[in-house]
>>> print(open('coords_31.cif').read())   # mmCIF, C-alpha atoms
data_query
#
loop_
_atom_site.label_atom_id
_atom_site.label_comp_id
_atom_site.auth_asym_id
_atom_site.auth_seq_id
_atom_site.Cartn_x
_atom_site.Cartn_y
_atom_site.Cartn_z
CA MET A 397 -10.23 -16.27 19.32
CA TYR A 398 -10.96 -17.44 22.88
CA MET A 399 -10.80 -15.02 25.82
CA LEU A 400 -8.95 -16.82 28.59
CA PRO A 401 -10.02 -15.60 32.03
CA HIS A 402 -7.28 -14.68 34.48
CA PHE A 403 -6.89 -17.54 36.96
CA PRO A 404 -7.74 -16.04 40.36
CA GLY A 405 -5.73 -16.36 43.54
CA ARG A 406 -6.92 -18.14 46.66
CA GLY A 407 -8.12 -14.89 48.25
CA ARG A 408 -10.35 -14.01 45.33
CA ILE A 409 -11.79 -17.53 45.17
CA GLY A 410 -12.71 -17.25 48.86
CA LYS A 411 -14.36 -13.89 48.20
CA TRP A 412 -16.37 -15.35 45.34
CA LEU A 413 -17.46 -18.31 47.44
CA ARG A 414 -18.79 -15.93 50.09
CA GLU A 415 -20.43 -13.47 47.71
CA ARG A 416 -21.44 -15.57 44.66
CA GLY A 417 -21.74 -19.08 45.99
CA LEU A 418 -20.22 -22.47 45.23
CA ASN A 419 -22.06 -23.19 41.98
CA TRP A 420 -21.04 -19.98 40.15
CA THR A 421 -17.45 -20.11 41.44
CA SER A 422 -17.05 -23.74 40.40
CA LEU A 423 -18.45 -23.07 36.92
CA TYR A 424 -16.18 -20.04 36.43
CA LEU A 425 -13.08 -22.01 37.39
CA LEU A 426 -14.16 -24.98 35.23
CA ARG A 427 -14.70 -22.66 32.26
CA GLY A 428 -11.19 -21.27 32.64
CA MET A 429 -9.67 -24.75 32.73
CA LEU A 430 -11.69 -25.90 29.70
CA LEU A 431 -10.70 -22.84 27.66
CA ARG A 432 -7.04 -23.41 28.47
CA LEU A 433 -7.41 -27.05 27.46
CA LEU A 434 -9.12 -26.01 24.22
CA ARG A 435 -6.31 -23.57 23.42
CA HIS A 436 -3.76 -26.37 23.98
CA VAL A 437 -5.76 -28.73 21.74
CA ASP A 438 -5.94 -26.06 19.03
CA ARG A 439 -2.17 -25.51 19.14
CA GLN A 440 -1.50 -29.22 18.76
CA ALA A 441 -4.00 -29.59 15.90
CA ILE A 442 -2.58 -26.56 14.08
CA GLU A 443 0.92 -27.97 14.34
CA ILE A 444 -0.27 -31.15 12.58
CA GLU A 445 -2.00 -29.06 9.92
CA ARG A 446 1.19 -27.09 9.30
CA ARG A 447 3.26 -30.26 8.89
CA LYS A 448 0.70 -31.79 6.53
CA TYR A 449 0.10 -28.54 4.57
CA TRP A 450 -3.65 -28.75 5.19
CA THR A 451 -5.96 -25.84 4.34
CA GLY A 452 -9.72 -25.40 4.09
CA PRO A 453 -12.71 -24.45 6.25
CA GLU A 454 -12.46 -27.69 8.27
CA THR A 455 -9.02 -26.80 9.67
CA ILE A 456 -8.43 -25.33 13.12
CA SER A 457 -6.02 -22.72 11.74
CA SER A 458 -8.84 -21.27 9.60
CA LEU A 459 -10.62 -20.24 12.83
CA TYR A 460 -7.80 -17.81 13.60
CA HIS A 461 -6.53 -14.70 11.77
CA ARG A 462 -9.78 -14.46 9.81
CA LEU A 463 -10.61 -11.65 7.38
CA GLU A 464 -13.23 -10.04 9.62
CA GLU A 465 -10.93 -10.27 12.63
CA ASN A 466 -8.15 -8.54 10.70
CA ARG A 467 -10.55 -5.97 9.25
CA VAL A 468 -11.66 -4.83 12.72
CA LEU A 469 -8.05 -4.75 13.92
CA TRP A 470 -6.76 -2.50 11.13
CA ASP A 471 -9.86 -0.31 10.89
CA GLN A 472 -9.36 0.53 14.57
CA HIS A 473 -5.56 0.85 14.49
CA ASP A 474 -3.98 4.23 15.29
CA TRP A 475 -2.31 5.14 11.97
CA THR A 476 -0.81 8.43 13.12
CA GLN A 477 2.70 6.99 12.56
CA ALA A 478 1.70 5.81 9.06
CA GLY A 479 2.92 2.27 9.75
CA GLU A 480 6.48 3.39 10.44
CA GLU A 481 6.11 2.11 14.00
CA TRP A 482 6.85 -1.33 12.56
CA THR A 483 9.91 0.02 10.76
CA GLN A 484 11.18 1.15 14.15
CA GLN A 485 10.82 -2.38 15.55
CA VAL A 486 13.89 -3.50 13.62
CA ARG A 487 15.99 -1.66 16.20
CA GLU A 488 14.62 -3.96 18.90
CA PHE A 489 14.32 -7.17 16.89
CA ARG A 490 17.56 -7.04 14.88
CA ASN A 491 19.58 -4.21 16.44
CA MET A 492 19.58 -2.33 13.12
CA ASP A 493 19.04 1.29 12.23
CA PRO A 494 15.41 1.51 10.94
CA ASP A 495 16.24 3.82 8.04
CA GLU A 496 19.11 1.58 6.92
CA TRP A 497 16.93 -1.52 7.16
CA LYS A 498 14.11 0.05 5.13
CA ALA A 499 16.55 1.24 2.47
CA ALA A 500 18.07 -2.26 2.27
CA LEU A 501 14.64 -3.84 1.78
CA ILE A 502 13.77 -1.35 -0.95
CA ASN A 503 17.13 -1.58 -2.74
CA ASN A 504 17.58 -5.34 -2.47
CA MET A 505 14.02 -6.62 -2.80
CA LEU A 506 11.48 -4.07 -4.02
CA ILE A 507 13.53 -2.42 -6.77
CA PRO A 508 15.04 -5.64 -8.21
CA TRP A 509 11.68 -7.45 -8.42
CA ILE A 510 9.05 -4.75 -8.99
CA PRO A 511 9.64 -3.40 -12.53
CA GLU A 512 9.18 0.21 -13.55
CA GLY A 513 6.43 1.33 -15.91
CA LYS A 514 4.21 -1.72 -15.30
CA THR A 515 0.91 -2.62 -13.64
CA VAL A 516 1.49 -3.36 -9.96
CA LEU A 517 -0.77 -4.63 -7.18
CA GLU A 518 -0.01 -3.97 -3.52
CA ILE A 519 -2.00 -5.97 -0.99
CA GLY A 520 -2.43 -4.33 2.39
CA PRO A 521 -0.91 -0.88 1.85
CA GLY A 522 -1.93 0.30 5.31
CA ALA A 523 -1.13 4.02 5.37
CA GLY A 524 1.11 3.80 2.29
CA ARG A 525 4.50 3.01 3.82
CA TRP A 526 5.59 1.09 0.69
CA SER A 527 3.01 2.55 -1.69
CA GLU A 528 4.91 5.82 -1.89
CA ILE A 529 7.81 3.98 -3.58
CA LEU A 530 5.55 1.78 -5.71
CA CYS A 531 3.48 4.68 -7.06
CA GLU A 532 6.66 6.30 -8.42
CA ARG A 533 7.63 3.10 -10.24
CA ALA A 534 4.29 1.81 -11.54
CA ALA A 535 2.42 2.99 -14.62
CA ARG A 536 -0.74 1.72 -12.91
CA LEU A 537 -0.96 0.84 -9.21
CA PHE A 538 -3.76 -1.12 -7.54
CA LEU A 539 -3.89 -0.62 -3.76
CA ALA A 540 -6.09 -3.37 -2.31
CA ASP A 541 -6.88 -3.69 1.39
CA ILE A 542 -9.46 -5.32 3.65
CA SER A 543 -9.60 -2.07 5.66
CA ALA A 544 -11.68 0.83 4.34
CA ALA A 545 -9.89 3.09 6.82
CA CYS A 546 -6.53 2.26 5.25
CA LEU A 547 -7.80 2.93 1.75
CA GLU A 548 -9.07 6.34 2.84
CA LEU A 549 -5.66 7.17 4.30
CA CYS A 550 -4.02 6.21 1.02
CA ARG A 551 -6.55 8.18 -1.04
CA SER A 552 -5.64 11.26 0.96
CA ARG A 553 -1.90 10.62 0.78
CA PHE A 554 -1.82 9.94 -2.97
CA SER A 555 -4.65 12.22 -4.09
CA GLY A 556 -2.48 13.73 -6.82
CA LYS A 557 -1.67 10.36 -8.39
CA PRO A 558 -4.34 9.54 -11.01
CA HIS A 559 -2.71 6.21 -11.90
CA VAL A 560 -3.40 4.83 -8.39
CA GLU A 561 -6.63 2.85 -7.83
CA TYR A 562 -8.16 1.76 -4.53
CA TRP A 563 -10.02 -1.50 -3.98
CA LEU A 564 -11.63 -3.02 -0.88
CA ILE A 565 -10.99 -6.77 -0.53
CA GLY A 566 -14.01 -8.80 0.55
CA GLU A 567 -14.95 -12.45 0.82
CA ASP A 568 -14.52 -12.87 -2.94
CA GLY A 569 -10.82 -12.02 -2.77
CA LEU A 570 -9.30 -10.34 -5.80
CA SER A 571 -12.24 -10.92 -8.13
CA PHE A 572 -12.15 -7.23 -9.14
CA ILE A 573 -8.85 -7.79 -10.99
CA ALA A 574 -8.93 -9.20 -14.52
CA ASP A 575 -7.12 -12.36 -15.58
CA ASP A 576 -3.52 -11.96 -16.80
CA SER A 577 -3.46 -8.24 -16.03
CA ILE A 578 -0.84 -7.72 -13.29
CA ASP A 579 2.92 -7.54 -13.87
CA ALA A 580 3.99 -7.58 -10.23
CA ILE A 581 2.53 -8.02 -6.74
CA TRP A 582 4.04 -6.60 -3.55
CA SER A 583 2.95 -7.19 0.03
CA TYR A 584 4.96 -6.56 3.20
CA ASP A 585 3.79 -6.99 6.82
CA VAL A 586 0.39 -8.31 5.73
CA PHE A 587 0.45 -12.05 5.04
CA VAL A 588 2.12 -12.62 8.42
CA HIS A 589 -1.41 -12.03 9.82
CA ILE A 590 -3.37 -14.20 7.36
CA ASN A 591 -4.30 -17.84 8.04
CA PRO A 592 -3.11 -20.63 5.70
CA THR A 593 -6.53 -21.21 4.11
CA ASP A 594 -6.89 -17.55 3.12
CA ILE A 595 -3.27 -17.47 1.95
CA ALA A 596 -3.96 -20.45 -0.32
CA ASN A 597 -6.92 -18.57 -1.80
CA TYR A 598 -4.76 -15.52 -2.44
CA VAL A 599 -2.03 -17.59 -4.09
CA ASN A 600 -4.60 -19.19 -6.41
CA ASP A 601 -5.81 -15.69 -7.27
CA PHE A 602 -2.21 -14.71 -8.04
CA ARG A 603 -2.02 -17.52 -10.58
CA ARG A 604 -5.09 -16.10 -12.30
CA ILE A 605 -4.28 -12.37 -12.28
CA LEU A 606 -0.54 -12.38 -12.98
CA LYS A 607 0.58 -11.99 -16.56
CA PRO A 608 2.77 -14.81 -17.89
CA GLY A 609 6.19 -14.14 -16.40
CA GLY A 610 4.67 -11.87 -13.72
CA VAL A 611 6.24 -11.87 -10.25
CA ALA A 612 4.98 -11.72 -6.66
CA VAL A 613 6.96 -10.64 -3.59
CA ILE A 614 5.19 -11.70 -0.39
CA HIS A 615 6.35 -11.31 3.23
CA HIS A 616 4.85 -14.02 5.47
CA ALA A 617 5.34 -15.91 8.71
CA GLY A 618 8.15 -18.44 8.69
CA GLY A 619 7.16 -20.62 11.62
CA VAL A 620 10.48 -20.67 13.50
CA TYR A 621 10.95 -17.76 15.89
CA PRO A 622 13.39 -17.01 18.71
CA GLU A 623 11.86 -17.68 22.12
CA ALA A 624 11.68 -13.95 22.93
CA LEU A 625 9.64 -13.28 19.78
CA ARG A 626 7.45 -16.38 19.70
CA THR A 627 4.33 -14.59 20.93
CA ARG A 628 5.08 -11.22 19.32
CA GLY A 629 3.57 -9.81 16.18
CA TRP A 630 0.40 -11.96 16.04
CA ARG A 631 1.90 -14.30 13.45
CA SER A 632 -0.29 -16.84 11.66
CA ALA A 633 0.29 -20.60 11.38
CA MET A 634 2.50 -20.47 8.27
CA THR A 635 6.00 -21.81 7.59
CA ARG A 636 8.41 -21.23 4.71
CA GLU A 637 7.88 -24.84 3.58
CA PHE A 638 4.09 -24.52 3.79
CA PHE A 639 4.16 -21.34 1.70
CA ALA A 640 6.44 -22.93 -0.89
CA HIS A 641 4.01 -25.86 -1.10
CA LEU A 642 1.06 -23.53 -1.74
CA VAL A 643 2.99 -21.67 -4.45
CA GLN A 644 3.95 -24.87 -6.26
CA LYS A 645 0.47 -26.37 -5.86
CA ALA A 646 -0.98 -23.29 -7.61
CA GLY A 647 1.31 -23.87 -10.59
CA LEU A 648 3.66 -20.99 -9.81
CA SER A 649 7.45 -21.13 -9.72
CA LEU A 650 9.26 -20.30 -6.49
CA VAL A 651 12.33 -18.17 -7.20
CA LEU A 652 13.74 -17.55 -3.73
CA GLN A 653 12.94 -17.27 -0.04
CA ASP A 654 14.79 -14.60 1.93
CA GLU A 655 15.16 -14.41 5.72
CA GLU A 656 17.78 -11.66 5.91
CA LEU A 657 15.77 -8.60 4.78
CA VAL A 658 12.78 -9.06 7.13
CA HIS A 659 12.40 -6.88 10.22
CA MET A 660 11.44 -9.77 12.55
CA PRO A 661 13.68 -12.83 12.76
CA GLY A 662 11.68 -15.91 11.73
CA ASP A 663 9.71 -14.17 8.98
CA VAL A 664 10.30 -14.93 5.29
CA ILE A 665 9.96 -13.07 1.99
CA SER A 666 9.01 -15.41 -0.86
CA VAL A 667 9.48 -14.41 -4.49
CA PHE A 668 7.69 -16.46 -7.14
CA LYS A 669 6.60 -16.17 -10.77
CA LYS A 670 3.88 -17.25 -13.11
CA PRO A 671 5.37 -19.38 -15.91
CA ALA A 672 5.86 -17.45 -19.13
#
>>> encode(input="coords_31.cif", output="C-alpha cells")
Amino acid sequence: MYMLPHFPGRGRIGKWLRERGLNWTSLYLLRGMLLRLLRHVDRQAIEIERRKYWTGPETISSLYHRLEENRVLWDQHDWTQAGEEWTQQVREFRNMDPDEWKAALINNMLIPWIPEGKTVLEIGPGAGRWSEILCERAARLFLADISAACLELCRSRFSGKPHVEYWLIGEDGLSFIADDSIDAIWSYDVFVHINPTDIANYVNDFRRILKPGGVAVIHHAGGVYPEALRTRGWRSAMTREFFAHLVQKAGLSLVLQDEELVHMPGDVISVFKKPA
C-alpha cells in the first residue's frame, strides 16, 4: 500500500544538500522514517486483528489486498505460462516434482470433494489451470474472477464447452449466483491474496449460494510461514484459526484443514459444508 523510499547513503544525502537544499532533504528523510513507522504500526495492528478475528472496513488489514489492487495485478500479469509457473514453485518450496504435486492435489483433494455431474463454482480460475479438470467433471461450471483478462483467457481455452459460464466479480460479490444453487466451490491460489474482510464476505455468500449439503474447498493463507518464505507470495493477514472462525460464524460446518497438499508451506486448504 505504501511506497517506502530507499534510505539513501551519506554520499547521496550530501549531494541532495548541495543541489536541493536543507528543507527538501530533511522532509524527504522525515517522510521515509514516518512511512517506515506507519508500516510497523500497521503490522502490529493487523496482528491484533488476526488474534481477535476482527473484520470490517475499520480494520487495518482491509486496507491491504483490496479487490481493485488485486484486479490490476492479475489484469496485468503475464499469463503465457497459464498459471503453471506457480505449480513449478513446489520444486523450490517443498522439493517436490511439480507434476507429482499437482496430481496429488487433484487426486486427494479435488476429486474426493468436487462431485461429478453437479453445478460447480470456481473462484479465480486465472488461465484455467484447475478449470480444465473441473469442466470435465461438472454438469455446469461457473468461472468467476475479478480479472476480465483472466475470463477472456478462459473463454478462449474452453470455447467448445457450452456448460461453462463466465462471470466478473465486482463490489457486490457473488450476487449473480442464485440462492441454494451451487453443489461445490473450488478455489486454489486465490484466497491467499484476499484480505480477511473480503474473505468474510465471500464466506457469507457461500452460505447463501451453496445447496444444503454443498461443499467448498478453499486454499488460503495460514499465518505461520518459514522464515525464508515469510515475505514471499504476497500472502494476506489470514490464519487457519481465523478462517475456521469465519466459516463457523457463517453457519457452515468445517470438515477439515489440510497443510500437506499445498505448494507453499504455511498455507492451508479448508474444506467446509453447508448443513443439509
>>> closest_atom_pairs(input="coords_31.cif", of="region 549-655 of chain A", to="region 516-540 of chain A", cutoff="8 Å", atoms="all atoms listed in the file", output="CSV")
residue,atom,partner,partner_atom,distance
A:Leu549,CA,A:Ala523,CA,5.6
A:Cys550,CA,A:Ala523,CA,5.7
A:Arg553,CA,A:Gly524,CA,7.6
A:Phe554,CA,A:Glu528,CA,8.0
A:Lys557,CA,A:Cys531,CA,7.8
A:His559,CA,A:Arg536,CA,5.0
A:Val560,CA,A:Leu537,CA,4.7
A:Glu561,CA,A:Phe538,CA,4.9
A:Tyr562,CA,A:Leu539,CA,4.9
A:Trp563,CA,A:Ala540,CA,4.7
A:Leu564,CA,A:Ala540,CA,5.7
A:Ile565,CA,A:Ala540,CA,6.2
A:Ile578,CA,A:Val516,CA,6.0
A:Asp579,CA,A:Val516,CA,5.9
A:Ala580,CA,A:Val516,CA,4.9
A:Ile581,CA,A:Leu517,CA,4.8
A:Trp582,CA,A:Glu518,CA,4.8
A:Ser583,CA,A:Ile519,CA,5.2
A:Tyr584,CA,A:Gly520,CA,7.8
A:Val586,CA,A:Gly520,CA,5.9
>>> resolve_selection(input="coords_31.cif", expression="the PyMOL selection byres ((chain A and resi 469-485) around 7)", output="list in words")
Glu465, Asn466, Arg467, Val468, Val486, Arg487, Glu488, Phe489, Pro494, Gly522, Ala523, Arg525, Ser543, Ala544 and Ala545 of chain A
>>> closest_atom_pairs(input="coords_31.cif", of="region 483-534 of chain A", to="region 603-627 of chain A", cutoff="9 Å", atoms="all atoms listed in the file", output="tab-separated table")
residue	atom	partner	partner_atom	distance
A:Phe489	CA	A:Leu625	CA	8.2
A:Met505	CA	A:Val613	CA	8.2
A:Leu506	CA	A:Val613	CA	8.0
A:Trp509	CA	A:Val611	CA	7.2
A:Ile510	CA	A:Val611	CA	7.8
>>> closest_residue(input="coords_31.cif", among="A:Val588, A:Val658, A:Ala633, A:Val599", to="Lys670 (chain A)", atoms="all atoms listed in the file")
A:Val599
>>> closest_residue(input="coords_31.cif", among="A:Ala596, A:Ser632, A:Gly428, A:Asn419", to="Pro404 (chain A)", atoms="only C-alpha atoms")
A:Gly428
>>> resolve_selection(input="coords_31.cif", expression="the PyMOL selection byres ((chain A and resi 600) around 10)", output="NGL selection string")
:A and (594-599 or 601-605 or 642-643 or 645-648)
>>> atom_distance(input="coords_31.cif", atom1="CA of Arg490 (chain A)", atom2="CA of Phe639 (chain A)")
23.6 Å
>>> closest_residue(input="coords_31.cif", among="A:Glu656, A:Asp493, A:Glu464, A:Asp663", to="Arg636 (chain A)", atoms="all atoms listed in the file")
A:Asp663
>>> atom_distance(input="coords_31.cif", atom1="CA of Leu657 (chain A)", atom2="CA of Gly513 (chain A)")
24.8 Å
